[in-house]
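Colleague: Just so it is clear, I am handing over final-v3.tsv, which has TSV, C-alpha atoms.
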chain	number	residue	atom	x	y	z
A	94	MET	CA	155.13	82.81	149.21
A	95	SER	CA	153.74	85.76	151.17
A	96	LEU	CA	152.33	85.92	154.68
A	97	THR	CA	148.60	86.53	155.19
A	98	VAL	CA	147.70	87.98	158.59
A	99	ILE	CA	144.18	87.25	159.79
A	100	GLY	CA	142.81	89.11	162.81
A	101	ILE	CA	139.85	88.10	164.96
A	102	THR	CA	138.08	90.15	167.61
A	103	GLY	CA	134.77	90.14	169.42
A	104	SER	CA	133.41	90.15	172.93
A	105	ASN	CA	133.28	86.36	172.83
A	106	GLY	CA	134.11	83.56	170.41
A	107	LYS	CA	137.64	84.71	169.47
A	108	THR	CA	139.49	81.64	170.69
A	109	SER	CA	137.03	79.11	169.25
A	110	THR	CA	137.01	80.89	165.89
A	111	LYS	CA	140.81	81.13	165.90
A	112	ASN	CA	141.11	77.43	166.70
A	113	MET	CA	138.72	76.39	163.92
A	114	LEU	CA	140.34	78.68	161.36
A	115	ALA	CA	143.84	77.48	162.24
A	116	GLU	CA	142.75	73.84	161.86
A	117	ILE	CA	141.25	74.62	158.43
A	118	LEU	CA	144.39	76.45	157.25
A	119	LYS	CA	147.09	74.09	158.60
A	120	PRO	CA	146.56	71.42	155.90
A	121	VAL	CA	146.73	74.16	153.23
A	122	ALA	CA	150.00	75.82	154.29
A	123	PRO	CA	152.18	76.45	157.35
A	124	THR	CA	150.02	78.32	159.88
A	125	VAL	CA	150.80	79.99	163.21
A	126	ALA	CA	148.06	80.81	165.73
A	127	PRO	CA	148.10	81.77	169.41
A	128	LYS	CA	148.29	79.15	172.09
A	129	GLY	CA	145.25	79.58	174.29
A	130	SER	CA	143.96	83.14	174.39
A	131	TYR	CA	147.17	85.05	173.77
A	132	ASN	CA	145.43	88.22	172.58
A	133	ASN	CA	146.89	91.16	174.46
A	134	LYS	CA	149.99	93.38	174.28
A	135	VAL	CA	152.16	90.50	175.52
A	136	GLY	CA	150.41	87.49	173.96
A	137	LEU	CA	149.97	88.81	170.43
A	138	PRO	CA	153.66	89.72	169.91
A	139	THR	CA	154.64	86.36	171.45
A	140	THR	CA	152.58	84.64	168.75
A	141	VAL	CA	154.06	86.79	165.98
A	142	LEU	CA	157.57	85.82	167.11
A	143	ARG	CA	156.73	82.17	166.29
A	144	ILE	CA	156.50	82.76	162.52
A	145	ASP	CA	159.32	81.84	160.16
A	146	PHE	CA	159.98	82.25	156.43
A	147	ASP	CA	157.73	79.29	155.59
A	148	THR	CA	154.69	80.59	157.50
A	149	ARG	CA	151.88	81.37	155.08
A	150	TYR	CA	149.06	82.20	157.54
A	151	LEU	CA	149.25	84.05	160.84
A	152	VAL	CA	145.97	83.96	162.76
A	153	LEU	CA	145.79	86.50	165.60
A	154	GLU	CA	143.28	87.30	168.33
A	155	TYR	CA	142.84	90.93	169.35
A	156	GLY	CA	141.62	91.39	172.92
A	157	ALA	CA	140.33	94.74	174.16
A	158	ALA	CA	142.04	96.46	177.09
A	159	GLY	CA	140.61	99.95	176.59
A	160	PRO	CA	140.45	102.65	173.92
A	161	GLY	CA	143.32	102.34	171.44
A	162	SER	CA	144.37	98.87	172.61
A	163	ILE	CA	143.24	96.98	169.51
A	164	SER	CA	144.35	99.84	167.28
A	165	LYS	CA	147.89	99.68	168.66
A	166	LEU	CA	148.13	95.89	168.14
A	167	ALA	CA	146.56	96.04	164.66
A	168	GLU	CA	148.76	98.95	163.56
A	169	TRP	CA	151.78	96.89	164.55
A	170	SER	CA	150.66	93.51	163.13
A	171	LYS	CA	148.90	94.84	159.99
A	172	PRO	CA	146.06	92.34	159.38
A	173	ASP	CA	145.19	91.62	155.75
A	174	LEU	CA	141.85	90.09	156.70
A	175	SER	CA	139.80	90.48	159.84
A	176	VAL	CA	136.75	88.85	161.39
A	177	ILE	CA	134.54	90.79	163.81
A	178	LEU	CA	132.36	88.42	165.82
A	179	LYS	CA	130.29	90.33	168.37
A	180	VAL	CA	130.07	93.43	170.51
A	181	GLY	CA	128.71	92.29	173.84
A	182	LEU	CA	128.60	93.31	177.45
A	183	ALA	CA	131.87	91.58	178.40
A	184	HIS	CA	133.75	94.85	179.02
A	185	ALA	CA	130.88	97.34	179.09
A	186	GLY	CA	131.25	98.07	182.81
A	187	VAL	CA	134.98	98.67	182.56
A	188	PHE	CA	134.89	100.63	179.29
A	189	GLY	CA	131.88	102.80	180.19
A	190	GLY	CA	129.15	101.12	178.15
A	191	ILE	CA	128.57	99.02	175.07
A	192	GLU	CA	129.04	102.06	172.81
A	193	GLU	CA	132.65	102.39	173.97
A	194	THR	CA	133.19	98.64	173.53
A	195	ALA	CA	131.84	98.97	169.97
A	196	LYS	CA	134.36	101.73	169.20
A	197	ILE	CA	137.24	99.64	170.54
A	198	LYS	CA	136.25	96.54	168.52
A	199	ALA	CA	135.90	98.71	165.39
A	200	GLU	CA	139.58	99.64	165.66
A	201	LEU	CA	140.49	96.33	163.99
A	202	VAL	CA	138.25	97.14	161.01
A	203	GLN	CA	140.07	100.44	160.44
A	204	HIS	CA	143.49	98.75	160.33
A	205	THR	CA	142.58	95.88	157.99
A	206	SER	CA	144.12	96.22	154.53
A	207	LYS	CA	142.17	93.83	152.26
A	208	HIS	CA	138.90	92.33	153.54
A	209	VAL	CA	136.71	92.45	156.65
A	210	VAL	CA	134.22	89.71	157.56
A	211	LEU	CA	131.37	90.96	159.76
A	212	ASN	CA	128.79	89.14	161.87
A	213	PHE	CA	125.57	90.39	160.28
A	214	ASP	CA	123.52	88.98	163.19
A	215	ASP	CA	125.02	91.61	165.52
A	216	PRO	CA	123.36	94.96	164.72
A	217	ILE	CA	126.43	96.91	165.83
A	218	VAL	CA	128.96	94.82	163.88
A	219	ARG	CA	126.73	94.71	160.77
A	220	ASP	CA	127.07	98.50	160.48
A	221	TYR	CA	130.88	98.61	160.63
A	222	ARG	CA	132.56	99.71	157.41
A	223	PRO	CA	136.25	99.41	156.54
A	224	ALA	CA	138.44	102.12	155.06
A	225	ALA	CA	138.09	103.02	151.37
A	226	GLY	CA	139.44	100.30	149.10
A	227	VAL	CA	138.91	97.51	151.65
A	228	SER	CA	136.12	95.07	150.85
A	229	PHE	CA	133.77	93.47	153.37
A	230	SER	CA	131.26	90.64	153.59
A	231	GLY	CA	128.86	89.32	156.18
A	232	PHE	CA	128.02	85.98	157.76
A	233	GLY	CA	125.22	84.75	159.99
A	234	PHE	CA	121.52	83.86	159.90
A	235	ASP	CA	120.63	87.34	158.55
A	236	SER	CA	119.18	87.15	155.03
A	237	SER	CA	121.57	89.86	153.76
A	238	ALA	CA	124.69	87.89	154.79
A	239	ASN	CA	126.97	86.69	151.98
A	240	THR	CA	127.56	83.44	153.86
A	241	ARG	CA	124.30	82.51	155.54
A	242	ILE	CA	123.63	79.81	158.10
A	243	THR	CA	120.53	78.05	156.80
A	244	ASP	CA	120.28	75.17	159.28
A	245	THR	CA	121.96	73.79	162.38
A	246	ASP	CA	121.72	70.52	164.25
A	247	ILE	CA	123.34	70.57	167.68
A	248	SER	CA	123.70	67.43	169.76
A	249	LEU	CA	126.08	65.78	172.22
A	250	GLU	CA	127.70	64.02	169.27
A	251	GLY	CA	128.60	67.29	167.57
A	252	THR	CA	127.20	70.09	165.45
A	253	VAL	CA	126.17	70.18	161.80
A	254	VAL	CA	125.91	73.58	160.11
A	255	ASN	CA	124.59	74.24	156.61
A	256	LEU	CA	126.01	77.37	154.97
A	257	GLN	CA	124.62	79.04	151.86
A	258	ILE	CA	127.49	80.79	150.13
A	259	GLY	CA	126.40	83.68	147.95
A	260	LYS	CA	122.82	84.06	146.83
A	261	SER	CA	122.58	80.75	144.97
A	262	ASP	CA	120.68	77.92	146.67
A	263	SER	CA	122.99	75.49	144.91
A	264	GLU	CA	126.06	76.70	146.84
A	265	VAL	CA	125.45	75.00	150.19
A	266	LEU	CA	128.33	73.77	152.35
A	267	ARG	CA	127.60	71.26	155.09
A	268	LEU	CA	130.06	71.38	158.01
A	269	ASN	CA	130.28	68.57	160.54
A	270	ILE	CA	131.86	69.86	163.72
A	271	TRP	CA	132.28	66.88	165.98
A	272	ALA	CA	132.40	67.14	169.73
A	273	SER	CA	135.84	66.53	171.20
A	274	THR	CA	136.43	63.12	172.70
A	275	ARG	CA	139.60	64.26	174.46
A	276	PRO	CA	139.53	64.43	178.26
In structure tokens, what does this structure look like?

Modeller:
Amino acid sequence: MSLTVIGITGSNGKTSTKNMLAEILKPVAPTVAPKGSYNNKVGLPTTVLRIDFDTRYLVLEYGAAGPGSISKLAEWSKPDLSVILKVGLAHAGVFGGIEETAKIKAELVQHTSKHVVLNFDDPIVRDYRPAAGVSFSGFGFDSSANTRITDTDISLEGTVVNLQIGKSDSEVLRLNIWASTRP
């Protein structure tokens, strides 16, 4: 069995996305994901050191610490798949504007070897393109997304999301994401 490395970055949503993805993958095969938000030059290698020969999926978060920071981590960890969530204002003041933040987040796209999943609702992320030979797809409410959110119902009891996969109306997946009852 081979290891699949999945990278996630974005100005926000990395940890929640990582947690959901890890929970989906764990029943399928042995999966390692960061504890908390271990997504920097110390946390990411710490997570990688937890894999063993049985690990099938390694889910990693890539936090931005300046130009080249994500590139260095991605070059070292070599993601097969990546998910780019959002380019927001989280680091714009430190990095010199949202344009610089966008460049830093795009570093993960350039180091992904097989497939990139882009948030088509973010106009910056929607325009990212991976290297030649690497495929990409989009998700979101945007009508051009390959996996499109067609309906949501959010309440204190949890969230229900309907996803249209592909262009066929018959391929709809209904996800029930229940609110945590843990203290």

Colleague: Hey, what's within 6 Å of A:Gly231 if we count all atoms listed in the file and toss same-chain stuff fewer than 6 positions away? As a PyMOL selection string, please?

Modeller: chain A and resi 210-213+238-239

Colleague: Print the selection's residues with C-alpha atoms to a file, as an mmCIF file, in the frame of the given file.

Modeller:
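Written file, selection19.cif:
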data_model
loop_
_atom_site.group_PDB
_atom_site.id
_atom_site.type_symbol
_atom_site.label_atom_id
_atom_site.label_comp_id
_atom_site.auth_asym_id
_atom_site.auth_seq_id
_atom_site.Cartn_x
_atom_site.Cartn_y
_atom_site.Cartn_z
ATOM 1 C CA VAL A 210 134.220 89.710 157.560
ATOM 2 C CA LEU A 211 131.370 90.960 159.760
ATOM 3 C CA ASN A 212 128.790 89.140 161.870
ATOM 4 C CA PHE A 213 125.570 90.390 160.280
ATOM 5 C CA ALA A 238 124.690 87.890 154.790
ATOM 6 C CA ASN A 239 126.970 86.690 151.980
#

Colleague: Stretch 204-216 of chain A, all listed atoms, 5 Å padding on each side: what axis-aligned box centre and edge lengths in Å to one decimal come out, as AutoDock Vina command-line options?

Modeller:
--center_x 133.7 --center_y 93.9 --center_z 158.9 --size_x 30.8 --size_y 19.8 --size_z 23.3

Colleague: Counting all atoms listed in the file, what is within 9 Å of A:Leu137, bar same-chain residues fewer than 5 positions away, as a list in words?

Modeller: Pro127, Tyr131, Asn132, Leu142, Leu153, Glu154, Tyr155, Leu166 and Ser170 of chain A

Colleague: What gap, in Å, lies between atom CA of A:Gly136 and atom CA of A:Arg222?

Modeller: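 Answer for the atom CA of A:Gly136 to atom CA of A:Arg222 separation: 27.2 Å.
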
Colleague: With only C-alpha atoms as the atoms that count, which of A:Val180, A:Ala126, A:Ala167, A:Val209 lies nearest to A:Thr140?

Modeller: A:Ala126

Colleague: Write out as JSON, numbers by chain the residues lying within 8 Å of stretch 97-112 of chain A, counting only C-alpha atoms and excluding same-chain residues fewer than 4 positions away.

Modeller: {"A": [116, 126, 129, 130, 149, 150, 151, 152, 153, 154, 155, 156, 170, 171, 172, 173, 174, 175, 176, 177, 178, 179, 180, 181, 182, 183, 184, 198, 201]}

Colleague: By how many Å are atom CA of A:Ala195 and atom CA of A:Ala115 apart?

Modeller: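 Atom CA of A:Ala115 lies at a distance of 25.8 Å from atom CA of A:Ala195.
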
Colleague: Suppose you want the space between atom CA of A:Ile197 and atom CA of A:Ser162; what is it in Å?

Modeller: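 If I compute the distance from atom CA of A:Ile197 to atom CA of A:Ser162, I get 7.5 Å.
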
Colleague: For each of A:Val121, A:Leu256, A:Val141, A:Ile217, take the minimum atom-to-atom distance to A:Phe232, counting only C-alpha atoms, then give the residue where this is smallest.

Modeller: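 Of all the options, A:Leu256 lies closest to A:Phe232.
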
Colleague: Would you kindly return, as a list in words, each protein, DNA or RNA residue with an atom no farther than 9 Å from any atom of A:Val227, considering only C-alpha atoms and excluding same-chain residues fewer than 4 positions away?

Modeller: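 So, after excluding close chain neighbours, the residues are Thr205, Ser206, Lys207, His208, Val209, Arg222 and Pro223 of chain A.
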
Colleague: So which one's closest to A:Gly161, A:Arg241, A:Lys119, A:Arg219, A:His204? Using all atoms listed in the file, please.

Modeller: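 That would be A:His204, the residue with the smallest distance to A:Gly161.
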
Colleague: Using only C-alpha atoms, find the one residue out of A:Val254, A:Asp214, A:Thr194, A:Val187 that sits nearest to A:Asp235.

Modeller: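 Counting only C-alpha atoms, the residue closest to A:Asp235 is A:Asp214.
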
Colleague: May I ask you to restore N, CA and C atoms in stretch 195-216 of chain A and write the result as a PDB file, keeping the file's coordinate frame?

Modeller:
ATOM      1  N   ALA A 195     132.009  99.006 171.433  1.00  0.00           N
ATOM      2  CA  ALA A 195     131.840  98.970 169.970  1.00  0.00           C
ATOM      3  C   ALA A 195     132.934  99.760 169.264  1.00  0.00           C
ATOM      4  N   LYS A 196     133.289 100.918 169.797  1.00  0.00           N
ATOM      5  CA  LYS A 196     134.360 101.730 169.200  1.00  0.00           C
ATOM      6  C   LYS A 196     135.700 100.997 169.250  1.00  0.00           C
ATOM      7  N   ILE A 197     135.962 100.346 170.372  1.00  0.00           N
ATOM      8  CA  ILE A 197     137.240  99.640 170.540  1.00  0.00           C
ATOM      9  C   ILE A 197     137.319  98.460 169.572  1.00  0.00           C
ATOM     10  N   LYS A 198     136.252  97.687 169.439  1.00  0.00           N
ATOM     11  CA  LYS A 198     136.250  96.540 168.520  1.00  0.00           C
ATOM     12  C   LYS A 198     136.382  97.006 167.074  1.00  0.00           C
ATOM     13  N   ALA A 199     135.821  98.172 166.748  1.00  0.00           N
ATOM     14  CA  ALA A 199     135.900  98.710 165.390  1.00  0.00           C
ATOM     15  C   ALA A 199     137.315  99.118 165.003  1.00  0.00           C
ATOM     16  N   GLU A 200     138.203  99.259 165.968  1.00  0.00           N
ATOM     17  CA  GLU A 200     139.580  99.640 165.660  1.00  0.00           C
ATOM     18  C   GLU A 200     140.249  98.628 164.727  1.00  0.00           C
ATOM     19  N   LEU A 201     139.903  97.343 164.864  1.00  0.00           N
ATOM     20  CA  LEU A 201     140.490  96.330 163.990  1.00  0.00           C
ATOM     21  C   LEU A 201     140.049  96.541 162.542  1.00  0.00           C
ATOM     22  N   VAL A 202     138.794  96.900 162.351  1.00  0.00           N
ATOM     23  CA  VAL A 202     138.250  97.140 161.010  1.00  0.00           C
ATOM     24  C   VAL A 202     139.063  98.239 160.312  1.00  0.00           C
ATOM     25  N   GLN A 203     139.380  99.289 161.027  1.00  0.00           N
ATOM     26  CA  GLN A 203     140.070 100.440 160.440  1.00  0.00           C
ATOM     27  C   GLN A 203     141.529 100.158 160.083  1.00  0.00           C
ATOM     28  N   HIS A 204     142.090  99.087 160.617  1.00  0.00           N
ATOM     29  CA  HIS A 204     143.490  98.750 160.330  1.00  0.00           C
ATOM     30  C   HIS A 204     143.638  97.531 159.437  1.00  0.00           C
ATOM     31  N   THR A 205     142.541  97.049 158.871  1.00  0.00           N
ATOM     32  CA  THR A 205     142.580  95.880 157.990  1.00  0.00           C
ATOM     33  C   THR A 205     142.797  96.355 156.556  1.00  0.00           C
ATOM     34  N   SER A 206     143.719  95.696 155.839  1.00  0.00           N
ATOM     35  CA  SER A 206     144.120  96.220 154.530  1.00  0.00           C
ATOM     36  C   SER A 206     143.385  95.634 153.332  1.00  0.00           C
ATOM     37  N   LYS A 207     142.776  94.437 153.452  1.00  0.00           N
ATOM     38  CA  LYS A 207     142.170  93.830 152.260  1.00  0.00           C
ATOM     39  C   LYS A 207     140.686  93.505 152.394  1.00  0.00           C
ATOM     40  N   HIS A 208     140.303  92.772 153.441  1.00  0.00           N
ATOM     41  CA  HIS A 208     138.900  92.330 153.540  1.00  0.00           C
ATOM     42  C   HIS A 208     138.495  92.155 155.000  1.00  0.00           C
ATOM     43  N   VAL A 209     137.272  92.582 155.309  1.00  0.00           N
ATOM     44  CA  VAL A 209     136.710  92.450 156.650  1.00  0.00           C
ATOM     45  C   VAL A 209     135.467  91.570 156.567  1.00  0.00           C
ATOM     46  N   VAL A 210     135.385  90.600 157.475  1.00  0.00           N
ATOM     47  CA  VAL A 210     134.220  89.710 157.560  1.00  0.00           C
ATOM     48  C   VAL A 210     133.463  90.081 158.833  1.00  0.00           C
ATOM     49  N   LEU A 211     132.185  90.444 158.663  1.00  0.00           N
ATOM     50  CA  LEU A 211     131.370  90.960 159.760  1.00  0.00           C
ATOM     51  C   LEU A 211     130.234  90.011 160.111  1.00  0.00           C
ATOM     52  N   ASN A 212     129.933  89.918 161.396  1.00  0.00           N
ATOM     53  CA  ASN A 212     128.790  89.140 161.870  1.00  0.00           C
ATOM     54  C   ASN A 212     127.528  89.972 161.636  1.00  0.00           C
ATOM     55  N   PHE A 213     126.768  89.625 160.618  1.00  0.00           N
ATOM     56  CA  PHE A 213     125.570  90.390 160.280  1.00  0.00           C
ATOM     57  C   PHE A 213     124.415  90.150 161.255  1.00  0.00           C
ATOM     58  N   ASP A 214     124.560  89.199 162.176  1.00  0.00           N
ATOM     59  CA  ASP A 214     123.520  88.980 163.190  1.00  0.00           C
ATOM     60  C   ASP A 214     123.676  89.941 164.368  1.00  0.00           C
ATOM     61  N   ASP A 215     124.803  90.606 164.481  1.00  0.00           N
ATOM     62  CA  ASP A 215     125.020  91.610 165.520  1.00  0.00           C
ATOM     63  C   ASP A 215     124.748  92.972 164.892  1.00  0.00           C
ATOM     64  N   PRO A 216     123.716  93.687 165.363  1.00  0.00           N
ATOM     65  CA  PRO A 216     123.360  94.960 164.720  1.00  0.00           C
ATOM     66  C   PRO A 216     124.458  96.012 164.783  1.00  0.00           C
TER      67      PRO A 216
END
